[in-house]
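Notes follow the structure.
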Amino acid sequence: MFRFIAIRLLQTIPVLLIVATVTFFMVRLAPGGPFSAEKKIPAEILKHLEAYYGLNKPLLDQYTDYMSRLVRGDLGPSFKYENRTVNEVIASAFPVSLELGFWSLLVALALGIPAGVIAARHPNTATDHVPMGLAMAGICLPTFVLGPLLILVFALMAGWFNPMGWDSPRDRVLPALVLGAHFAAYVARLTRSGMLEILSQDFIRTARAKGADSARILFRHALRGGLLPTVSFLGPATAGLLTGSFVIETIFQIPGLGRYFVMAAFNRDYTLVLGTVLFYATLIILLNLLVDIVQVWLNPKLRFE
Amino acid sequence: MPLLEVQNLRAYFHTRNGVVRAVDGVSFSVEKGETLGIVGESGSGKSVTCYSLMGLIPKPPGRIESGIARFDGADLLAMSEAELNKIRGKRIAMIFQDPMTSLNPYLRIEEQLIEPLLIHENLPRAEAVKRAIRALEEVGVPDAARRIRSHPQEFSGGMRQRVMIAMALITQPDLLIADEPTTALDVTVQAQILDLIARLQRERGMAVIWVSHDLGVVAGFCRRVLVMYAGRVVESGRVEDIFARPLHPYNRALQRSIPALQGKGAELYTIPGLPPDVSKPLAACAFAGRCEFAQDACKTGEVALKEIEPGHASACVRVQRGDPFQF
C-alpha cells in the first residue's frame, strides 16, 4: 500500500510539469495581454510594466524563468492584483472554496445516498420513481437557475437568509444547497444503480437464506459494494465542487477561488491562470489517489488483483 | 408426522412472454433425518421448488400460486418475511450451486460465518467467532483460526463450498436444502464434499433435500428420490426402486442416457426432442411429446402421481392403467 501511494505521488511530478508547460504556452496563444484594456495604456508605461514583469524577454526565457521559480514553489506575482503574489491569492481564496465544497459535498451525500438506497429497495415503484424523478430534475436544472430561484424564495420572500455574502454561518446554507443538490442528483442515480447491481447478486440470496432481514441485507451486505460507483464519482465530483463553484460564487458573491480562476482567464493574468490551473491539477490528482485508496479499502477484490 | 410436507406447490413466473409454470403441482414429504433426492434436467423446476420453500424466489416476477409447505406444523408458504426469517438459517439452511458467487466478496469469511449466530442465537461476538472457527475446522478447512480472517477470493472453489456448508450447519438446522452443491466442483472435491455432508448428517440426524442432475450422486447418497420433469414430479420412490424398476418412461430414458452404463463403442443414447416450453399449456403428461410409448390418452385429460407399488409412485398414464408394455 505504501509503495502504491509513493509511486502514485512520484507520477504526479511529470504530470504537473506537462500541465505547466502546456498551460504556459496556451495562455500566450490567446490574443491580448494582461495590460490590454478598453482604455489604452500609454506606450511608455506599457514598456515599463512589461520590463518589470519580464514580459519583454523572449518567450523561451520567460518559460525557463517561470519553471525555475515553480520548482521552488513560487507561482510569481499576479499581473492584475497589484502587490499580491499568486500564492497569496490562492491562500486567501481557496479556504473559502474549500468550505463551500465541503458543505456542498455533505449535502450531496446526505441527500443522494439515502435517495439512491430507497429507490433501489423497491425498483419501479413509487418509492423509486419519486426520488429518481427529483434527481433527474436536479441534473437538468442548472445552478444558475436554481440559485436565483432559492434566493428569490428563501432570501427575498421568506427573509430567512441573506441573498448574498459570506459572513455569517447562515450564509453557507443557500450556496451549499444549490451546489450540493446538483451533485446529490448524480450521487442518487449512481447509488441506485450500484445497489441494484449488488442486490441481484447470488450472495444476497445467501444472506436471505441465513435469515438476514432487509435492513441487514441493505447495510451489511449491499451498501459497501453498492457505493463503489459513487466513490469513483466522488473524485471528479469533489474537483467539480471546488472548481465548478464559479457560478455559485458569482451568484452569491462569495470570495472563493473559482471566481479568481475564471476572472484570471478573462484578464489574461498569465501567472494567476497558471497558478490556479496547477493548483487544481494537483488537487484533482490527490483526490483521485484518495478515491483509489478508499476503493481498495471498500473492495477487497482489488487487493488480490 | 413428517418434518416437511409439501402439497400441490405451484410457483409461476409472470414474464413479458407469458406465464412460466416453473413448478406445477409438486407434492412430497421429508422425514426427520431422511435424505430426499430431487433429480431432473436443467429447467425441470428442482431449484425453484427449493427456493419457493425458503421464500427466495424473486417476487415479482415469481409468485406462489398455490400450495402448502408444512414445516413442523407451520406453513412456510403462508409466513410473513419476519416469521420466515426466524426459520431460515436457523431450522432450515441452504447451500447453493456456485460457491464462487454465493459468498459476499466484500466481507471477511468471519463476518459471514458468524452472521447466523448473531441473527438467531444472539451470541456475543467473541463467542460466535469461536464457534465459527470450530465449524470451519469441522468441515476440514486447515488453519481455520487464521484463514477465517480472509476474504472469499482467497479460497478455492472447494474451500468456499466448505465455508458455505459450515455456515449452513453452524446453527444445527433440522433440514438442509442442498441445491446442486457439487456441480461446480471437480470430481475429487465433489467426493470430499459428499462425504462431509454425509458424515455431518449422520452425526446430527439432520434431514437433507439433495437437488442434483447427477443420478450417480443421488443413487449413492439419497434414500428416496423424486424425478422431476417440466415442473412436475413424474416418479417418486425409494432409491433402489427408482433405479431397479423405473415406472416412468422419462426415468427409464434418463438412466439409459448415463454414458457409463452403455456399451463401449456404442452410440450414446439420448432422449429425442427437447423439454417442453412450460409457458405453453402442456399435455396431460409433459413427457408425451418425446415418449416412445405415448398414446392418445397421454395427451388429453389430466394425470396425477399415483402409487403403483408400496412407496413407489408414477405419473405415467399407461403404467397406471396397467398396460402390458416393456420399457
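Labeling convention for the C-alpha cells: chains A, B, ... as they appear, residues from 1 per chain, ligands from 1 in order of appearance.
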Shell of 6 Å around stretch 300-306 of chain B, only C-alpha atoms, local chain residues under 3 positions omitted, as a list in words
Ala284, Ala297, Ala313, Ser314 and Ala315 of chain B
Just need the residues of chain A within 12 Å of chain B, counting only C-alpha atoms, so spit them out as number ranges by chain.
A: 122-125, 198-217, 220-228, 295-305
Please, could you write that set of residues out with C-alpha atoms as an mmCIF file, in the first residue's frame?
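Saved result, selection_2.cif, follows:
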data_model
loop_
_atom_site.group_PDB
_atom_site.id
_atom_site.type_symbol
_atom_site.label_atom_id
_atom_site.label_comp_id
_atom_site.auth_asym_id
_atom_site.auth_seq_id
_atom_site.Cartn_x
_atom_site.Cartn_y
_atom_site.Cartn_z
ATOM 1 C CA HIS A 122 -38.285 -1.423 -4.485
ATOM 2 C CA PRO A 123 -37.366 -0.728 -8.108
ATOM 3 C CA ASN A 124 -40.077 0.510 -10.450
ATOM 4 C CA THR A 125 -42.480 1.512 -7.716
ATOM 5 C CA ILE A 198 -25.373 -5.746 -5.923
ATOM 6 C CA LEU A 199 -28.866 -6.709 -4.783
ATOM 7 C CA SER A 200 -29.217 -9.033 -7.768
ATOM 8 C CA GLN A 201 -26.078 -10.995 -6.852
ATOM 9 C CA ASP A 202 -26.114 -14.582 -5.614
ATOM 10 C CA PHE A 203 -24.590 -13.683 -2.263
ATOM 11 C CA ILE A 204 -27.618 -11.564 -1.407
ATOM 12 C CA ARG A 205 -29.715 -14.702 -1.833
ATOM 13 C CA THR A 206 -27.318 -16.493 0.525
ATOM 14 C CA ALA A 207 -27.794 -13.744 3.096
ATOM 15 C CA ARG A 208 -31.577 -14.038 2.828
ATOM 16 C CA ALA A 209 -31.290 -17.810 3.241
ATOM 17 C CA LYS A 210 -29.475 -17.138 6.503
ATOM 18 C CA GLY A 211 -32.457 -15.233 7.823
ATOM 19 C CA ALA A 212 -30.999 -11.732 7.480
ATOM 20 C CA ASP A 213 -33.703 -9.061 7.474
ATOM 21 C CA SER A 214 -33.859 -6.394 4.806
ATOM 22 C CA ALA A 215 -32.054 -3.746 6.878
ATOM 23 C CA ARG A 216 -29.157 -6.126 7.458
ATOM 24 C CA ILE A 217 -29.040 -7.055 3.795
ATOM 25 C CA ARG A 220 -24.279 -5.025 5.874
ATOM 26 C CA HIS A 221 -24.224 -6.902 2.580
ATOM 27 C CA ALA A 222 -25.103 -4.483 -0.184
ATOM 28 C CA LEU A 223 -24.108 -0.935 0.722
ATOM 29 C CA ARG A 224 -20.363 -1.473 0.597
ATOM 30 C CA GLY A 225 -20.337 -2.812 -2.927
ATOM 31 C CA GLY A 226 -23.254 -0.640 -3.972
ATOM 32 C CA LEU A 227 -21.390 2.541 -3.113
ATOM 33 C CA LEU A 228 -18.392 1.762 -5.328
ATOM 34 C CA GLN A 295 -11.913 1.925 -3.247
ATOM 35 C CA VAL A 296 -9.297 -0.636 -2.340
ATOM 36 C CA TRP A 297 -10.451 -0.379 1.243
ATOM 37 C CA LEU A 298 -14.098 -0.858 0.251
ATOM 38 C CA ASN A 299 -13.499 -3.582 -2.301
ATOM 39 C CA PRO A 300 -11.270 -6.406 -1.090
ATOM 40 C CA LYS A 301 -11.352 -7.935 -4.587
ATOM 41 C CA LEU A 302 -8.948 -5.233 -5.766
ATOM 42 C CA ARG A 303 -6.358 -6.218 -3.175
ATOM 43 C CA PHE A 304 -5.733 -9.507 -4.934
ATOM 44 C CA GLU A 305 -5.511 -8.156 -8.438
#
Students should find that atom CA of A:Ile5 and atom CA of A:Leu290 are spaced 9.4 Å
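Coordinates place atom CA of B:Gly45 at a distance of 5.3 Å from atom CA of B:Ala22.
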Could you tell me how far atom CA of A:Arg69 lies from atom CA of A:Ala51, in Å and to one decimal?
17.7 Å
